[in-house]
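Visitor: Right, I'll just put the structure down here and ask away after.
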Amino acid sequence: MPRTIAVNTWVWTSPLTDAALEPLARTAARMGYDALELPLESVGDWDPVRARAVLDDLGMGAVVVGAMGPGRSLLARAGDVPATQDYLRACLDAAVILRSPVVAGPFYAPTGVTWRLSAGERAAAIGELRENLAPLARDAADRGLILAVEPLNRYETSLLNTVGQSLEALEPLLGAGVGLALDTYHLNIEEKHPAEAVRAAGAALAHVQVCGSDRGAVGDDHTDWPEMLRALDDVGYRGVLGLESFTGENATIAVAASVWRPLAASQHDLAARSIAHLRALGA
Ligand code: LER
């Protein structure tokens with residue numbers, strides 16, 4: 001049974017708008033993608049009802065991705081917690097309309113903001129995160145959704161870098177509206193064995209993002225893709241594989257993701273080569 005493979009519109013543009021969505025959906029469908037990952041950078045950038053109509057027309061699925069830009073945080077030291085909770089509720093509402101199974105993203109602190117943490121400060125931060133995530137977990141569960149929380153590499157966050165840390169931090173909330181989103185780019189930087197990290201995530205795995213180890217095309221890199229797909233099989237993951245990379249042409253995303261050079265011959269090439277490689281491996 002082929003997997004559902006999505007491409008994130010961040011491969012081409014940021015922020016996503018209504019005007020950009022339809023042509024990108026058509027491009028992705030022509031390449032063979034089954035679904036789009038739709039980042040909601042600011043509520044109102046694009047209309048979920050309209051997006052659903054565009055995707056229905058193409059027979060495509062959707063995954064809503066939340067963006068933790070400056071000031072967005074579930075930790076008070078790094079941003080406005082009530083505003084972030086409202087934003088994540090708006091993402092959940094969009095996901096209901098789009099029939100997205102999850103809302104995925106690094107839902108703890110702004111992406112690209114790091115600071116030193118003593119063991120005591122870390123424990124306090126995890127406590128605060130659990131407290132501020134708990135009402136959102138209930139909102140997600142009430143809507144039949146999962147907030148898929150993504151660990152990021154050490155240069156983009158101090159808080160959750162590994163699967164082990166994430167499982168421990170989120171343990172009281174896992175299963176009831178909260179799971180993990182794993183991105184092979186971050187796994188490659190932080191995990192000793194990326195496929196073993198996927199196996200460790202097990203039933204908590206709610207979303208998977210893929211790209212080459214340099215954020216370029218899947219298959220143009222050193223990742224052991226057959227082993228990664230075996231690990232996903234081993235944990236029974238049948239959710240979406242979402243290609244996530246970024247255009248260097250947008251300041252916000254390019255700086256957070258540190259895209260300082262083209263990662264493929266073109267963004268189109270990056271997307272086309274990735275799905276071709278995954279399909280050739282039977283995904
Ligand atoms: C967000 O999903 C992500 O993976 C980050 O690396 C973006 O900076």
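By order in the structure tokens, chains are A, B, ...; within a chain, residues start at 1; ligands start at 1, following the order shown.
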Listing only residues of chain A within 6 Å of ligand 1, what is the closest atom pair and its distance in Å (to one decimal) for each, using only C-alpha atoms and all ligand atoms, sorted by chain and residue number ascending, as CSV?
Guide:
residue,atom,partner,partner_atom_place_in_ligand_line,distance
A:Gly105,CA,ligand 1,2 (O),5.3
A:Thr111,CA,ligand 1,8 (O),6.0
A:Ala256,CA,ligand 1,8 (O),4.2
A:Ala257,CA,ligand 1,8 (O),3.7
Visitor: Write to file, as a PDB file, in the first residue's frame, the residues of the selection just made, with C-alpha atoms.
Guide:
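And here is the file that came out, out.pdb:
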ATOM      1  CA  GLY A 105       5.314  21.935  14.569  1.00  0.00           C
ATOM      2  CA  THR A 111      12.117  28.550  16.294  1.00  0.00           C
ATOM      3  CA  ALA A 256      15.396  30.040  11.046  1.00  0.00           C
ATOM      4  CA  ALA A 257      16.307  27.121   8.801  1.00  0.00           C
TER       5      ALA A 257
END
Visitor: Taking the DSSP assignment computed from this structure's backbone, write out as a PyMOL selection string all residues of range 8-207 of chain A that belong to helix (DSSP H, G or I).
Guide: chain A and resi 9-11+18-31+48-58+76-78+81-98+119-142+163-170+184-190+194-204
Visitor: Determine which residues of range 68-200 of chain A DSSP labels as strand (DSSP E or B) from the backbone of this structure, then write them out as a VMD selection string.
Guide: chain A and resid 102 to 105 107 109 113 146 to 149 157 174 178 to 183
Visitor: I'd like to know which of A:Pro39, A:Gly175, A:Gly164, A:Gly79 is closest to Ala197 in chain A, using only C-alpha atoms.
Guide: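 Using only C-alpha atoms, the shortest distance to Ala197 in chain A belongs to A:Gly164.
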Visitor: Show me, as a short mmCIF file (atom, residue, chain, number, x, y, z; two decimals) with N, CA and C atoms, in the first residue's frame, the residues that have an atom within 9 Å of Val49 in chain A when counting only C-alpha atoms, minus same-chain residues fewer than 6 positions from it.
Guide:
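Dumped everything to selection.cif:
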data_model
loop_
_atom_site.label_atom_id
_atom_site.label_comp_id
_atom_site.auth_asym_id
_atom_site.auth_seq_id
_atom_site.Cartn_x
_atom_site.Cartn_y
_atom_site.Cartn_z
N ALA A 94 -8.50 25.14 11.65
CA ALA A 94 -8.17 24.99 10.22
C ALA A 94 -8.02 23.50 9.88
N ILE A 97 -11.36 21.79 9.30
CA ILE A 97 -11.93 22.13 7.98
C ILE A 97 -11.18 21.38 6.88
N LEU A 98 -9.87 21.28 7.02
CA LEU A 98 -9.04 20.66 5.97
C LEU A 98 -8.95 19.15 6.09
#
Visitor: Show me, as a VMD selection string, the residues that have an atom within 12 Å of Glu156 in chain A when counting only C-alpha atoms, minus same-chain residues fewer than 3 positions from it.
Guide: chain A and resid 68 to 69 106 108 to 115 150 to 153 159 to 161 186 189 to 190 253 255 to 258
Visitor: I need the chosen residues saved as a PDB file, in the first residue's frame, with N, CA and C atoms.
Guide:
ATOM      1  N   MET A  68       6.173  28.585  14.576  1.00  0.00           N
ATOM      2  CA  MET A  68       6.511  29.241  15.843  1.00  0.00           C
ATOM      3  C   MET A  68       7.488  30.383  15.561  1.00  0.00           C
ATOM      4  N   GLY A  69       6.941  31.470  15.014  1.00  0.00           N
ATOM      5  CA  GLY A  69       7.753  32.652  14.706  1.00  0.00           C
ATOM      6  C   GLY A  69       8.089  33.423  15.977  1.00  0.00           C
ATOM      7  N   PRO A 106       6.980  22.772  16.111  1.00  0.00           N
ATOM      8  CA  PRO A 106       7.735  22.795  17.383  1.00  0.00           C
ATOM      9  C   PRO A 106       7.019  23.654  18.433  1.00  0.00           C
ATOM     10  N   TYR A 108       6.616  24.733  21.452  1.00  0.00           N
ATOM     11  CA  TYR A 108       7.119  25.020  22.806  1.00  0.00           C
ATOM     12  C   TYR A 108       7.785  26.382  22.888  1.00  0.00           C
ATOM     13  N   ALA A 109       8.566  26.761  21.873  1.00  0.00           N
ATOM     14  CA  ALA A 109       9.290  28.043  21.933  1.00  0.00           C
ATOM     15  C   ALA A 109       9.502  28.542  20.505  1.00  0.00           C
ATOM     16  N   PRO A 110       9.858  29.809  20.332  1.00  0.00           N
ATOM     17  CA  PRO A 110      10.074  30.307  18.966  1.00  0.00           C
ATOM     18  C   PRO A 110      11.246  29.590  18.295  1.00  0.00           C
ATOM     19  N   THR A 111      11.067  29.251  17.045  1.00  0.00           N
ATOM     20  CA  THR A 111      12.117  28.550  16.294  1.00  0.00           C
ATOM     21  C   THR A 111      13.315  29.480  16.099  1.00  0.00           C
ATOM     22  N   GLY A 112      14.482  28.959  16.427  1.00  0.00           N
ATOM     23  CA  GLY A 112      15.702  29.757  16.236  1.00  0.00           C
ATOM     24  C   GLY A 112      16.121  30.506  17.490  1.00  0.00           C
ATOM     25  N   VAL A 113      15.341  30.366  18.580  1.00  0.00           N
ATOM     26  CA  VAL A 113      15.698  31.050  19.834  1.00  0.00           C
ATOM     27  C   VAL A 113      16.270  30.014  20.806  1.00  0.00           C
ATOM     28  N   THR A 114      17.518  30.213  21.198  1.00  0.00           N
ATOM     29  CA  THR A 114      18.175  29.264  22.112  1.00  0.00           C
ATOM     30  C   THR A 114      18.680  30.004  23.341  1.00  0.00           C
ATOM     31  N   TRP A 115      18.740  29.308  24.447  1.00  0.00           N
ATOM     32  CA  TRP A 115      19.336  29.876  25.661  1.00  0.00           C
ATOM     33  C   TRP A 115      19.844  28.742  26.530  1.00  0.00           C
ATOM     34  N   GLU A 150       7.252  18.783  17.480  1.00  0.00           N
ATOM     35  CA  GLU A 150       8.479  18.450  16.737  1.00  0.00           C
ATOM     36  C   GLU A 150       9.744  18.867  17.486  1.00  0.00           C
ATOM     37  N   PRO A 151      10.604  17.915  17.842  1.00  0.00           N
ATOM     38  CA  PRO A 151      11.924  18.307  18.337  1.00  0.00           C
ATOM     39  C   PRO A 151      12.733  18.942  17.203  1.00  0.00           C
ATOM     40  N   LEU A 152      13.525  19.930  17.546  1.00  0.00           N
ATOM     41  CA  LEU A 152      14.370  20.613  16.555  1.00  0.00           C
ATOM     42  C   LEU A 152      15.833  20.444  16.934  1.00  0.00           C
ATOM     43  N   ASN A 153      16.706  20.688  15.994  1.00  0.00           N
ATOM     44  CA  ASN A 153      18.138  20.557  16.300  1.00  0.00           C
ATOM     45  C   ASN A 153      18.597  21.654  17.266  1.00  0.00           C
ATOM     46  N   LEU A 159      15.315  23.417  23.867  1.00  0.00           N
ATOM     47  CA  LEU A 159      14.403  22.659  24.719  1.00  0.00           C
ATOM     48  C   LEU A 159      14.279  21.176  24.364  1.00  0.00           C
ATOM     49  N   LEU A 160      13.731  20.879  23.181  1.00  0.00           N
ATOM     50  CA  LEU A 160      13.535  19.480  22.788  1.00  0.00           C
ATOM     51  C   LEU A 160      14.349  19.201  21.536  1.00  0.00           C
ATOM     52  N   ASN A 161      15.483  18.510  21.697  1.00  0.00           N
ATOM     53  CA  ASN A 161      16.344  18.192  20.561  1.00  0.00           C
ATOM     54  C   ASN A 161      16.218  16.740  20.116  1.00  0.00           C
ATOM     55  N   HIS A 186      16.320  16.991  11.414  1.00  0.00           N
ATOM     56  CA  HIS A 186      16.733  17.158  12.812  1.00  0.00           C
ATOM     57  C   HIS A 186      17.261  15.841  13.391  1.00  0.00           C
ATOM     58  N   ILE A 189      20.871  15.329  12.689  1.00  0.00           N
ATOM     59  CA  ILE A 189      21.807  16.142  13.471  1.00  0.00           C
ATOM     60  C   ILE A 189      21.911  15.637  14.916  1.00  0.00           C
ATOM     61  N   GLU A 190      20.771  15.254  15.489  1.00  0.00           N
ATOM     62  CA  GLU A 190      20.729  15.018  16.937  1.00  0.00           C
ATOM     63  C   GLU A 190      20.795  13.566  17.391  1.00  0.00           C
ATOM     64  N   ILE A 253      11.836  32.402   7.144  1.00  0.00           N
ATOM     65  CA  ILE A 253      12.060  30.957   7.133  1.00  0.00           C
ATOM     66  C   ILE A 253      13.524  30.645   6.819  1.00  0.00           C
ATOM     67  N   VAL A 255      16.187  32.291   7.512  1.00  0.00           N
ATOM     68  CA  VAL A 255      17.089  32.508   8.643  1.00  0.00           C
ATOM     69  C   VAL A 255      16.905  31.421   9.698  1.00  0.00           C
ATOM     70  N   ALA A 256      15.638  31.092  10.051  1.00  0.00           N
ATOM     71  CA  ALA A 256      15.396  30.040  11.046  1.00  0.00           C
ATOM     72  C   ALA A 256      16.003  28.721  10.577  1.00  0.00           C
ATOM     73  N   ALA A 257      15.830  28.406   9.314  1.00  0.00           N
ATOM     74  CA  ALA A 257      16.307  27.121   8.801  1.00  0.00           C
ATOM     75  C   ALA A 257      17.731  27.224   8.252  1.00  0.00           C
ATOM     76  N   SER A 258      18.290  28.431   8.245  1.00  0.00           N
ATOM     77  CA  SER A 258      19.650  28.683   7.752  1.00  0.00           C
ATOM     78  C   SER A 258      19.861  28.170   6.328  1.00  0.00           C
TER      79      SER A 258
END
Visitor: State, in Å with one decimal place, the distance from CA of Arg199 in chain A to CA of Arg230 in chain A.
Guide: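 According to the coordinates, CA of Arg199 in chain A and CA of Arg230 in chain A are separated by 9.6 Å.
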Visitor: Which residues are near range 269-271 of chain A? Cut-off 9 Å, only C-alpha atoms, ignore same chain within fewer than 4 positions. Put them as a ChimeraX atom specification.
Guide: /A:7,11,28,31,216-218,243,245,263-265,275-276
Visitor: Give me, as a VMD selection string, all polymer residues having an atom no more than 10 Å from range 169-171 of chain A, counting only C-alpha atoms and skipping those fewer than 5 positions away in the same chain.
Guide: chain A and resid 122 to 123 125 to 127 129 to 130 133 to 134 149 159 to 160 163 to 164 178 to 180 204
Visitor: With N, CA and C atoms retained, export the selected residues as a short mmCIF file (atom, residue, chain, number, x, y, z; two decimals), in the first residue's frame.
Guide:
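Listing of out_39.cif after writing:
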data_model
loop_
_atom_site.label_atom_id
_atom_site.label_comp_id
_atom_site.auth_asym_id
_atom_site.auth_seq_id
_atom_site.Cartn_x
_atom_site.Cartn_y
_atom_site.Cartn_z
N ARG A 122 15.61 23.58 33.28
CA ARG A 122 15.00 22.68 32.29
C ARG A 122 13.75 22.01 32.88
N ALA A 123 13.87 21.53 34.09
CA ALA A 123 12.71 20.86 34.73
C ALA A 123 11.55 21.85 34.86
N ALA A 125 11.00 24.48 32.97
CA ALA A 125 10.48 24.77 31.62
C ALA A 125 9.57 23.64 31.14
N ILE A 126 9.95 22.40 31.43
CA ILE A 126 9.13 21.26 31.01
C ILE A 126 7.79 21.29 31.76
N GLY A 127 7.84 21.63 33.04
CA GLY A 127 6.60 21.74 33.82
C GLY A 127 5.68 22.79 33.24
N LEU A 129 5.73 23.94 30.17
CA LEU A 129 5.25 23.48 28.85
C LEU A 129 4.07 22.54 29.01
N ARG A 130 4.19 21.58 29.90
CA ARG A 130 3.08 20.62 30.11
C ARG A 130 1.80 21.35 30.50
N LEU A 133 0.44 23.31 27.51
CA LEU A 133 0.03 22.45 26.40
C LEU A 133 -1.24 21.66 26.75
N ALA A 134 -1.45 21.41 28.05
CA ALA A 134 -2.55 20.53 28.47
C ALA A 134 -3.93 20.98 27.95
N VAL A 149 4.15 17.40 18.16
CA VAL A 149 5.19 18.31 18.64
C VAL A 149 6.55 17.85 18.09
N LEU A 159 15.32 23.42 23.87
CA LEU A 159 14.40 22.66 24.72
C LEU A 159 14.28 21.18 24.36
N LEU A 160 13.73 20.88 23.18
CA LEU A 160 13.54 19.48 22.79
C LEU A 160 14.35 19.20 21.54
N VAL A 163 14.36 12.61 20.41
CA VAL A 163 13.13 11.85 20.65
C VAL A 163 13.03 11.50 22.14
N GLY A 164 14.16 11.08 22.72
CA GLY A 164 14.15 10.70 24.14
C GLY A 164 13.69 11.85 25.03
N VAL A 178 -1.88 14.61 21.92
CA VAL A 178 -0.47 15.00 21.70
C VAL A 178 0.34 13.80 21.21
N GLY A 179 1.17 14.05 20.22
CA GLY A 179 2.11 13.04 19.72
C GLY A 179 3.39 13.74 19.29
N LEU A 180 4.23 13.00 18.58
CA LEU A 180 5.50 13.58 18.10
C LEU A 180 5.48 13.75 16.59
N ALA A 204 3.91 6.91 19.69
CA ALA A 204 3.76 8.37 19.86
C ALA A 204 3.94 9.12 18.53
#
Visitor: For Trp46 in chain A, find every residue with an atom within 9 Å (counting only C-alpha atoms), except residues of its own chain fewer than 5 positions away, and show them as a list in words.
Guide: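 That gives Leu16, Thr17, Asp18, Ala19, Leu21, Leu40 and Ala51 of chain A.
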Visitor: Compare A:Asp233, A:Asp45, A:Asp221, A:Asp214 by their minimum atom-to-atom distance to Pro262 in chain A, counting only C-alpha atoms, and give me the closest one.
Guide: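 Once distances to Pro262 in chain A are computed over only C-alpha atoms, the minimum belongs to A:Asp214.
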